[in-house]
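Chemist: Coordinates in upload.txt, compact mmCIF, C-alpha atoms and all ligand atoms, are listed below.
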```txt
# COMPACT_ATOMS: atom_id res chain seq x y z
CA MET A 199 -24.37 -16.82 -18.93
CA LYS A 200 -23.80 -13.12 -18.24
CA LYS A 201 -20.15 -12.45 -17.39
CA VAL A 202 -18.92 -9.52 -15.31
CA ILE A 203 -15.35 -8.26 -14.80
CA THR A 204 -13.81 -5.80 -12.40
CA TYR A 205 -10.26 -4.69 -11.62
CA GLY A 206 -8.39 -3.61 -8.54
CA THR A 207 -5.54 -3.95 -6.07
CA PHE A 208 -7.75 -5.26 -3.24
CA ASP A 209 -5.06 -4.68 -0.62
CA LEU A 210 -5.99 -5.05 3.08
CA PHE A 211 -9.32 -6.46 1.84
CA HIS A 212 -12.22 -4.58 3.43
CA VAL A 213 -15.98 -4.17 3.28
CA GLY A 214 -15.74 -1.56 0.52
CA HIS A 215 -14.12 -4.16 -1.71
CA LEU A 216 -16.65 -6.76 -0.63
CA ASN A 217 -19.64 -4.50 -1.35
CA LEU A 218 -18.25 -3.69 -4.80
CA LEU A 219 -17.69 -7.34 -5.67
CA LYS A 220 -21.13 -8.39 -4.37
CA ARG A 221 -22.86 -5.70 -6.42
CA ALA A 222 -20.74 -6.51 -9.48
CA LYS A 223 -21.72 -10.19 -9.24
CA ALA A 224 -25.39 -9.21 -8.92
CA LEU A 225 -25.16 -7.72 -12.43
CA GLY A 226 -24.57 -11.16 -13.95
CA ASP A 227 -23.97 -14.85 -13.31
CA TYR A 228 -20.18 -15.10 -13.41
CA LEU A 229 -17.65 -12.70 -11.89
CA VAL A 230 -14.04 -12.36 -13.05
CA VAL A 231 -11.80 -10.28 -10.78
CA ALA A 232 -8.50 -8.93 -12.18
CA VAL A 233 -6.00 -8.25 -9.40
CA SER A 234 -3.20 -5.74 -9.92
CA SER A 235 0.31 -7.19 -9.88
CA ASP A 236 2.89 -5.62 -7.59
CA GLU A 237 4.71 -4.27 -10.65
CA PHE A 238 1.51 -2.66 -11.99
CA ASN A 239 0.80 -1.21 -8.56
CA ALA A 240 4.19 0.48 -8.72
CA LEU A 241 3.04 2.09 -11.98
CA LYS A 242 -0.15 3.19 -10.19
CA GLY A 243 2.04 4.69 -7.45
CA LYS A 244 0.76 2.17 -4.93
CA LYS A 245 2.62 -0.38 -2.79
CA ALA A 246 0.32 -3.11 -1.54
CA TYR A 247 0.91 -4.48 1.96
CA HIS A 248 -0.14 -7.99 0.84
CA SER A 249 1.71 -9.70 -2.00
CA LEU A 250 -0.10 -10.48 -5.25
CA GLU A 251 -0.11 -14.17 -4.23
CA ASP A 252 -1.91 -13.37 -0.96
CA ARG A 253 -4.34 -10.94 -2.59
CA LEU A 254 -5.19 -13.58 -5.22
CA ALA A 255 -5.73 -16.22 -2.50
CA ILE A 256 -8.14 -13.97 -0.59
CA LEU A 257 -10.22 -13.23 -3.68
CA GLN A 258 -10.21 -16.88 -4.78
CA ALA A 259 -11.68 -17.76 -1.37
CA ILE A 260 -14.73 -15.55 -1.89
CA GLU A 261 -17.57 -17.89 -2.84
CA PHE A 262 -19.25 -15.53 -5.32
CA VAL A 263 -15.98 -14.76 -7.16
CA ASP A 264 -15.85 -17.23 -10.05
CA GLU A 265 -12.45 -16.50 -11.55
CA VAL A 266 -9.39 -14.47 -10.60
CA ILE A 267 -6.81 -13.21 -13.10
CA VAL A 268 -3.81 -10.89 -12.84
CA GLU A 269 -3.87 -7.30 -14.05
CA ASN A 270 -0.43 -6.40 -15.41
CA GLY A 271 -1.16 -3.05 -17.05
CA TRP A 272 -3.65 -0.39 -18.06
CA ASN A 273 -4.15 -1.74 -21.57
CA GLN A 274 -5.27 -5.32 -21.07
CA LYS A 275 -8.94 -4.60 -20.35
CA SER A 276 -10.22 -4.73 -23.94
CA LEU A 277 -8.36 -8.00 -24.55
CA ASP A 278 -9.67 -9.44 -21.27
CA ILE A 279 -13.22 -8.45 -22.22
CA GLN A 280 -12.89 -10.19 -25.57
CA ASN A 281 -10.98 -13.26 -24.37
CA HIS A 282 -13.32 -13.85 -21.42
CA GLU A 283 -16.45 -12.92 -23.42
CA ILE A 284 -17.38 -10.31 -20.82
CA ASP A 285 -20.83 -8.65 -20.91
CA VAL A 286 -20.39 -6.08 -18.13
CA PHE A 287 -17.32 -4.10 -17.01
CA VAL A 288 -17.68 -2.72 -13.47
CA MET A 289 -15.63 -0.24 -11.44
CA GLY A 290 -16.24 1.94 -8.41
CA ASP A 291 -17.30 5.47 -9.30
CA ASP A 292 -13.96 6.96 -8.32
CA TRP A 293 -13.14 5.73 -11.82
CA LYS A 294 -16.29 7.21 -13.39
CA GLY A 295 -15.69 8.14 -17.01
CA LYS A 296 -12.19 6.67 -17.14
CA PHE A 297 -13.11 3.49 -19.02
CA ASP A 298 -16.07 4.67 -21.13
CA GLU A 299 -14.32 3.63 -24.33
CA LEU A 300 -14.91 0.01 -23.31
CA ASP A 301 -18.64 0.49 -24.02
CA GLU A 302 -17.88 -0.51 -27.61
CA LEU A 303 -17.15 -4.00 -26.28
CA CYS A 304 -19.51 -4.41 -23.33
CA GLU A 305 -21.74 -2.57 -20.86
CA VAL A 306 -19.73 -0.22 -18.60
CA VAL A 307 -21.07 0.28 -15.05
CA TYR A 308 -19.64 2.51 -12.31
CA LEU A 309 -20.94 1.65 -8.86
CA SER A 310 -20.94 4.05 -5.91
CA ARG A 311 -18.05 3.52 -3.52
CA THR A 312 -18.64 2.48 0.10
CA GLU A 313 -18.15 5.59 2.20
CA GLY A 314 -15.81 5.75 5.19
CA ILE A 315 -13.46 2.90 4.32
CA SER A 316 -10.36 2.59 2.16
CA THR A 317 -7.01 0.87 2.31
CA THR A 318 -5.35 4.27 2.76
CA LYS A 319 -7.67 5.09 5.70
CA ILE A 320 -6.87 1.77 7.36
CA LYS A 321 -3.13 2.43 7.03
CA ASN A 322 -3.44 5.99 8.36
CA ASP A 323 -5.72 5.01 11.25
CA LEU A 324 -3.33 2.26 12.33
CA LYS A 325 -0.42 4.72 12.32
CA GLU A 326 -2.22 6.70 15.01
CA VAL A 327 -2.83 3.75 17.34
CA PRO A 328 -0.57 4.14 20.40
CA LYS A 329 1.99 1.35 20.55
CA ALA A 330 1.17 -1.29 23.17
CA SER A 331 3.52 -0.65 26.11
N1 LIG A 401 -13.93 0.50 -3.73
C1 LIG A 401 -15.21 0.80 -3.28
N2 LIG A 401 -15.38 1.36 -2.07
C2 LIG A 401 -14.31 1.63 -1.27
C3 LIG A 401 -13.01 1.31 -1.71
C4 LIG A 401 -12.84 0.73 -2.96
O1 LIG A 401 -16.21 0.56 -3.99
N3 LIG A 401 -14.53 2.20 -0.06
C5 LIG A 401 -13.79 -0.09 -5.06
C6 LIG A 401 -12.96 0.78 -6.01
O2 LIG A 401 -13.77 1.80 -6.57
C7 LIG A 401 -12.52 -0.25 -7.05
C8 LIG A 401 -12.38 -1.54 -6.21
O3 LIG A 401 -13.09 -1.31 -4.98
O4 LIG A 401 -13.54 -0.43 -8.04
C9 LIG A 401 -10.95 -1.88 -5.91
O5 LIG A 401 -10.36 -0.76 -5.29
P1 LIG A 401 -8.75 -0.69 -5.23
O6 LIG A 401 -8.23 -1.97 -4.72
O7 LIG A 401 -8.36 0.62 -4.61
O8 LIG A 401 -8.38 -0.66 -6.80
P2 LIG A 401 -7.72 0.52 -7.62
O9 LIG A 401 -6.41 0.88 -7.04
O10 LIG A 401 -8.77 1.56 -7.79
O11 LIG A 401 -7.37 -0.21 -9.00
O12 LIG A 401 -7.28 -0.75 -13.70
C10 LIG A 401 -8.08 -0.38 -12.58
C11 LIG A 401 -7.27 -0.40 -11.31
O13 LIG A 401 -6.61 -1.65 -11.17
C12 LIG A 401 -8.17 -0.12 -10.12
```
Would you mind writing the file's structure down as structure tokens?

Modeler:
Amino acid sequence: MKKVITYGTFDLFHVGHLNLLKRAKALGDYLVVAVSSDEFNALKGKKAYHSLEDRLAILQAIEFVDEVIVENGWNQKSLDIQNHEIDVFVMGDDWKGKFDELDELCEVVYLSRTEGISTTKIKNDLKEVPKAS
């Protein structure tokens, strides 16, 4: 069984996240998704709209996601890869080059991001919507 892992906040879940997860799963047979805790997001300078509990529930409901774990910090990836016997580490290419050192443990793949959508764009676009009178 070929195991794949990917990491992210997955806040305001959108088609860019879905495309990434679908393509990550297509690289193997089993997909582990590590979801950033609220505390770790604070370290990343992000504040998710949805709680970790809700973000975990959404990912667990995706049929092709096989396992969901929590990401508590930058440095757990190599341990996760070893503990979960991961064959492929996947991230969107906004992270290209950032995790190359993991290629000592498994294949490292950066997939192109889905253009035109992001959690930040959703938040900004909604700010501009005139309030219903
Ligand atoms: N993504 C994408 N296309 C988009 C938006 C996001 O392919 N339009 C990908 C990102 O490249 C990432 C994943 O979806 O691989 C999750 O994105 P975020 O939730 O923004 O995660 P991020 O804050 O990048 O956290 O240790 C790694 C970090 O936890 C990654």

Chemist: Would you give me, as CSV, each residue of chain A having an atom within 6 Å of an atom of ligand LIG 401 (chain A), along with its shortest atom pair and that distance in Å to one decimal, using all atoms listed in the file and sorting by chain and residue number?

Modeler:
```
residue,atom,partner,partner_atom,distance
A:Tyr205,CA,A:LIG401,O13,4.8
A:Gly206,CA,A:LIG401,O8,3.4
A:Thr207,CA,A:LIG401,O6,3.6
A:Phe208,CA,A:LIG401,O6,3.6
A:Asp209,CA,A:LIG401,O6,5.8
A:Gly214,CA,A:LIG401,N2,3.9
A:His215,CA,A:LIG401,O3,4.5
A:Leu218,CA,A:LIG401,O1,4.8
A:Ser234,CA,A:LIG401,O13,5.5
A:Trp272,CA,A:LIG401,O12,5.7
A:Met289,CA,A:LIG401,O4,4.0
A:Gly290,CA,A:LIG401,O2,3.1
A:Asp291,CA,A:LIG401,O2,5.8
A:Asp292,CA,A:LIG401,O2,5.5
A:Arg311,CA,A:LIG401,O1,3.5
A:Thr312,CA,A:LIG401,N2,4.1
A:Glu313,CA,A:LIG401,N3,5.5
A:Ile315,CA,A:LIG401,N3,4.6
A:Ser316,CA,A:LIG401,N3,4.7
```

Chemist: Calculate, to one decimal in Å, the centre and edge lengths of the box along x, y and z of the file that holds all listed atoms of stretch 232-242 of chain A with 4 Å of margin on each side, and present them as lines of an AutoDock Vina configuration file.

Modeler:
```
center_x = -1.9
center_y = -2.9
center_z = -9.9
size_x = 21.2
size_y = 20.1
size_z = 12.6
```

Chemist: Mind checking which residues fall within 10 Å of stretch 255-269 of chain A, counting all atoms listed in the file, ignoring those fewer than 3 positions away in the same chain, and posting them as number ranges by chain?

Modeler: A: 201-211, 216, 219-220, 222-224, 227-239, 249-252, 272-275, 278

Chemist: Residues as selected, C-alpha atoms, written as an mmCIF file, in the coordinates of the input, can you do that?

Modeler:
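And here's out.cif as it stands now:
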```cif
data_model
loop_
_atom_site.group_PDB
_atom_site.id
_atom_site.type_symbol
_atom_site.label_atom_id
_atom_site.label_comp_id
_atom_site.auth_asym_id
_atom_site.auth_seq_id
_atom_site.Cartn_x
_atom_site.Cartn_y
_atom_site.Cartn_z
ATOM 1 C CA LYS A 201 -20.150 -12.450 -17.390
ATOM 2 C CA VAL A 202 -18.920 -9.520 -15.310
ATOM 3 C CA ILE A 203 -15.350 -8.260 -14.800
ATOM 4 C CA THR A 204 -13.810 -5.800 -12.400
ATOM 5 C CA TYR A 205 -10.260 -4.690 -11.620
ATOM 6 C CA GLY A 206 -8.390 -3.610 -8.540
ATOM 7 C CA THR A 207 -5.540 -3.950 -6.070
ATOM 8 C CA PHE A 208 -7.750 -5.260 -3.240
ATOM 9 C CA ASP A 209 -5.060 -4.680 -0.620
ATOM 10 C CA LEU A 210 -5.990 -5.050 3.080
ATOM 11 C CA PHE A 211 -9.320 -6.460 1.840
ATOM 12 C CA LEU A 216 -16.650 -6.760 -0.630
ATOM 13 C CA LEU A 219 -17.690 -7.340 -5.670
ATOM 14 C CA LYS A 220 -21.130 -8.390 -4.370
ATOM 15 C CA ALA A 222 -20.740 -6.510 -9.480
ATOM 16 C CA LYS A 223 -21.720 -10.190 -9.240
ATOM 17 C CA ALA A 224 -25.390 -9.210 -8.920
ATOM 18 C CA ASP A 227 -23.970 -14.850 -13.310
ATOM 19 C CA TYR A 228 -20.180 -15.100 -13.410
ATOM 20 C CA LEU A 229 -17.650 -12.700 -11.890
ATOM 21 C CA VAL A 230 -14.040 -12.360 -13.050
ATOM 22 C CA VAL A 231 -11.800 -10.280 -10.780
ATOM 23 C CA ALA A 232 -8.500 -8.930 -12.180
ATOM 24 C CA VAL A 233 -6.000 -8.250 -9.400
ATOM 25 C CA SER A 234 -3.200 -5.740 -9.920
ATOM 26 C CA SER A 235 0.310 -7.190 -9.880
ATOM 27 C CA ASP A 236 2.890 -5.620 -7.590
ATOM 28 C CA GLU A 237 4.710 -4.270 -10.650
ATOM 29 C CA PHE A 238 1.510 -2.660 -11.990
ATOM 30 C CA ASN A 239 0.800 -1.210 -8.560
ATOM 31 C CA SER A 249 1.710 -9.700 -2.000
ATOM 32 C CA LEU A 250 -0.100 -10.480 -5.250
ATOM 33 C CA GLU A 251 -0.110 -14.170 -4.230
ATOM 34 C CA ASP A 252 -1.910 -13.370 -0.960
ATOM 35 C CA TRP A 272 -3.650 -0.390 -18.060
ATOM 36 C CA ASN A 273 -4.150 -1.740 -21.570
ATOM 37 C CA GLN A 274 -5.270 -5.320 -21.070
ATOM 38 C CA LYS A 275 -8.940 -4.600 -20.350
ATOM 39 C CA ASP A 278 -9.670 -9.440 -21.270
#
```

Chemist: Enter the distance from atom CA of A:Val307 to atom CA of A:Val286, in Å, rounded to one decimal.

Modeler: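 Separating atom CA of A:Val307 from atom CA of A:Val286 is a distance of 7.1 Å.
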
Chemist: To one decimal place, how far is atom CA of A:Lys244 from atom CA of A:Trp293 in Å?

Modeler: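 A separation of 15.9 Å between them.
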
Chemist: Please, what distance in Å, to one decimal, runs between atom CA of A:Val327 and atom CA of A:Ser310?

Modeler: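 That distance, rounded to one decimal, is 29.5 Å.
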
Chemist: Kindly indicate which residue among A:Ile284, A:Asn270, A:Gly226, A:Leu254 lies nearest to A:Lys242, using all atoms listed in the file for the distances.

Modeler: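 Among A:Ile284, A:Asn270, A:Gly226, A:Leu254, it is A:Asn270 that comes nearest to A:Lys242.
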